[in-house]
Each structure stands twice: as C-alpha cells, then as structure tokens.
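Chemist: A single structure is presented below for examination.
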Amino acid sequence: MRQDRTLQVIFVVILLIIALALGVFFTRRQTPRYMNDVSPKGVIHNYAVALLLEDYEKAYSYLKEGENKPSLGNFRNAFLTRQIDPTSTSLEIGSVRQNGDEAIVELLIIHNSTDPLMRGFTETNTATLIRNSSGEWKIANMPFPYWNWDWYNPPVEPPSKSGTD
C-alpha cells in the first residue's frame, strides 16, 4: 500500500511539471517587436519584423526611393504569392560598416528545412542602406528571400530582331 501511494505522488508531480512546462511554453510566445529605426540595424530589424507580421505597408516604407522601385501592390504581391517567402528563415543582424551616407549590414540567414529528412543551412550576406536627404536610413538592397531580384533593376527587354530569316 505504501508503494502505491509513493507511485501516485510521483505521478502527480510529473503531471504538475508537464502542466507547468506547457503553461510556460504557451505564455512565453512573444510576437516580434519593433525597435528604434534611426540606425541601419534598427531599419533591417523593423523591415524583417514587418514582413513577419505581414505589415507590408510598413515594410515598404523602409525601401529607398528610386527608379524601378516596385509599387506597393507589386511589393505586397511578391510576398502574398510566395515569390518571396521569408517565413522559413531566421535572420541574425551582425556588424555595420558605415561610410558616410551608405551602410553595409552583415546578415546571417538561417534557412530552416521543412523536410524532416533534410537539414537547414546558413548563409552570410549583406544588406545595403542609404541615408536619404531627411536623414532616414532606407534599404537599397537585401538578399533573397527578403528582396526580389527585379526591384530597382531596369526591366529586361527582349533582344530586337535585326535582319530577316
């Protein structure tokens, strides 16, 4: 009888530990938060957070002005149609090299595998930011899957046919 009582106490303690662990897991889930965006690191952080929260207008506001800038609709559609999909990656922001009105931010992109038999991989890359006339940092270039290849690049024109067959 004493042994049954001991096993019951152990079982109850294990259940309490499991319940506590589940409670901590579900209550500690935090949504990403925006930070001060007066530095290149802050701009990159907020751009990534806006994409995670699907706040495409805010993410779009961090892009530099310029020729061939995508429209807000094209920007949003690139993510909604999954041409660009940063949801299976993590981003670590590293050091910043600043030269006047240009900054280069080191990035570590961690690609998580959705296939249980495959391993994810990491890559190092950089983002380029420029300071506009208002003193705000804006993103000029960012690696895939946070940036589309055709943003700010001139449209590709088919070669003209010169001659006859």
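Chains: A, B, ... in order of the structure tokens. Residues: from 1 per chain. Ligands: from 1, in order shown.
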From a backbone DSSP assignment, name each residue in region 36-122 of chain A labelled alpha helix (DSSP H), as a ChimeraX atom specification.

Modeler: /A:40-52,56-61,72-80

Chemist: Selection from above, C-alpha atoms, as a JSON list (two decimals), in the first residue's frame, can you write it?

Modeler:
[["chain", "number", "residue", "atom", "x", "y", "z"],
["A", 40, "PRO", "CA", 20.80, 50.74, -40.08],
["A", 41, "LYS", "CA", 20.42, 47.76, -37.70],
["A", 42, "GLY", "CA", 17.07, 49.09, -36.49],
["A", 43, "VAL", "CA", 15.80, 49.54, -40.05],
["A", 44, "ILE", "CA", 16.78, 45.97, -41.03],
["A", 45, "HIS", "CA", 15.23, 44.61, -37.82],
["A", 46, "ASN", "CA", 11.97, 46.51, -38.34],
["A", 47, "TYR", "CA", 11.79, 45.51, -42.02],
["A", 48, "ALA", "CA", 12.09, 41.83, -41.06],
["A", 49, "VAL", "CA", 9.53, 42.22, -38.24],
["A", 50, "ALA", "CA", 7.08, 43.97, -40.58],
["A", 51, "LEU", "CA", 7.40, 41.10, -43.06],
["A", 52, "LEU", "CA", 6.82, 38.52, -40.31],
["A", 56, "TYR", "CA", 3.63, 45.17, -45.96],
["A", 57, "GLU", "CA", 2.99, 48.92, -45.90],
["A", 58, "LYS", "CA", 5.41, 49.36, -43.01],
["A", 59, "ALA", "CA", 7.99, 47.08, -44.66],
["A", 60, "TYR", "CA", 7.58, 49.02, -47.91],
["A", 61, "SER", "CA", 8.25, 52.29, -46.09],
["A", 72, "LEU", "CA", 3.29, 48.83, -53.02],
["A", 73, "GLY", "CA", 0.97, 46.38, -54.83],
["A", 74, "ASN", "CA", 3.86, 44.59, -56.55],
["A", 75, "PHE", "CA", 5.82, 44.54, -53.30],
["A", 76, "ARG", "CA", 2.89, 43.03, -51.38],
["A", 77, "ASN", "CA", 2.08, 40.51, -54.13],
["A", 78, "ALA", "CA", 5.65, 39.21, -54.18],
["A", 79, "PHE", "CA", 5.09, 38.01, -50.61],
["A", 80, "LEU", "CA", 1.43, 37.02, -50.89]]

Chemist: Could you pull out the strand (DSSP E) residues of region 11-98 of chain A from DSSP and send them as number ranges by chain?

Modeler: A: 89-98

Chemist: Which residues come within 7 Å of region 106-121 of chain A, counting only C-alpha atoms, excluding same-chain residues fewer than 3 positions away, as a PyMOL selection string?

Modeler: chain A and resi 88-96+124-127

Chemist: Could those selected residues go to a file with N, CA and C atoms, as a PDB file, in the first residue's frame?

Modeler:
ATOM      1  N   SER A  88      10.323  30.687 -43.644  1.00  0.00           N
ATOM      2  CA  SER A  88      11.096  29.524 -43.209  1.00  0.00           C
ATOM      3  C   SER A  88      12.562  29.894 -42.969  1.00  0.00           C
ATOM      4  N   THR A  89      12.811  31.173 -42.704  1.00  0.00           N
ATOM      5  CA  THR A  89      14.171  31.607 -42.404  1.00  0.00           C
ATOM      6  C   THR A  89      14.198  32.394 -41.104  1.00  0.00           C
ATOM      7  N   SER A  90      15.379  32.458 -40.548  1.00  0.00           N
ATOM      8  CA  SER A  90      15.638  33.320 -39.401  1.00  0.00           C
ATOM      9  C   SER A  90      16.750  34.277 -39.813  1.00  0.00           C
ATOM     10  N   LEU A  91      16.746  35.438 -39.240  1.00  0.00           N
ATOM     11  CA  LEU A  91      17.706  36.459 -39.620  1.00  0.00           C
ATOM     12  C   LEU A  91      18.442  36.954 -38.387  1.00  0.00           C
ATOM     13  N   GLU A  92      19.770  36.909 -38.447  1.00  0.00           N
ATOM     14  CA  GLU A  92      20.590  37.485 -37.388  1.00  0.00           C
ATOM     15  C   GLU A  92      21.337  38.665 -37.980  1.00  0.00           C
ATOM     16  N   ILE A  93      21.224  39.790 -37.327  1.00  0.00           N
ATOM     17  CA  ILE A  93      21.850  41.018 -37.807  1.00  0.00           C
ATOM     18  C   ILE A  93      23.205  41.162 -37.132  1.00  0.00           C
ATOM     19  N   GLY A  94      24.233  41.322 -37.954  1.00  0.00           N
ATOM     20  CA  GLY A  94      25.596  41.419 -37.439  1.00  0.00           C
ATOM     21  C   GLY A  94      26.109  42.842 -37.416  1.00  0.00           C
ATOM     22  N   SER A  95      27.361  42.986 -37.738  1.00  0.00           N
ATOM     23  CA  SER A  95      28.029  44.279 -37.652  1.00  0.00           C
ATOM     24  C   SER A  95      27.616  45.209 -38.785  1.00  0.00           C
ATOM     25  N   VAL A  96      27.850  46.481 -38.572  1.00  0.00           N
ATOM     26  CA  VAL A  96      27.516  47.523 -39.550  1.00  0.00           C
ATOM     27  C   VAL A  96      28.801  48.250 -39.922  1.00  0.00           C
ATOM     28  N   THR A 124      25.872  33.688 -45.105  1.00  0.00           N
ATOM     29  CA  THR A 124      26.163  35.061 -44.726  1.00  0.00           C
ATOM     30  C   THR A 124      25.982  35.935 -45.956  1.00  0.00           C
ATOM     31  N   ASN A 125      25.474  37.108 -45.730  1.00  0.00           N
ATOM     32  CA  ASN A 125      25.209  38.026 -46.822  1.00  0.00           C
ATOM     33  C   ASN A 125      25.210  39.439 -46.257  1.00  0.00           C
ATOM     34  N   THR A 126      24.913  40.404 -47.086  1.00  0.00           N
ATOM     35  CA  THR A 126      24.884  41.790 -46.617  1.00  0.00           C
ATOM     36  C   THR A 126      23.648  42.504 -47.138  1.00  0.00           C
ATOM     37  N   ALA A 127      23.272  43.534 -46.429  1.00  0.00           N
ATOM     38  CA  ALA A 127      22.226  44.459 -46.869  1.00  0.00           C
ATOM     39  C   ALA A 127      22.887  45.827 -46.999  1.00  0.00           C
TER      40      ALA A 127
END

Chemist: Give the answer as one residue: which of A:Tyr34, A:Trp151, A:Tyr62, A:Phe26 has the shortest atom-to-atom distance to Arg131 (chain A), using only C-alpha atoms?

Modeler: A:Tyr62

Chemist: What does the distance from CA of Pro70 (chain A) to CA of Tyr152 (chain A) come to in Å, to one decimal?

Modeler: 7.3 Å

Chemist: Which one of A:Ala140, A:Val9, A:Val105, A:Ile14 sits closest to Asn153 (chain A) if you count only C-alpha atoms?

Modeler: A:Ala140

Chemist: Counting only C-alpha atoms, figure out which residue out of A:Asn132, A:Ser160, A:Thr31, A:Thr6 gets nearest to Gly100 (chain A).

Modeler: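 That would be A:Asn132, the residue with the smallest distance to Gly100 (chain A).
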
Chemist: In Å, rounded to a single decimal, give me how far CA of Ala103 (chain A) is from CA of Asn36 (chain A).

Modeler: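 The value is 16.7 Å.
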
Chemist: For CA of Trp147 (chain A) and CA of Glu54 (chain A), determine how far apart the two atoms are, in Å to one decimal place.

Modeler: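 About the pair CA of Trp147 (chain A) and CA of Glu54 (chain A): they are 14.5 Å apart.
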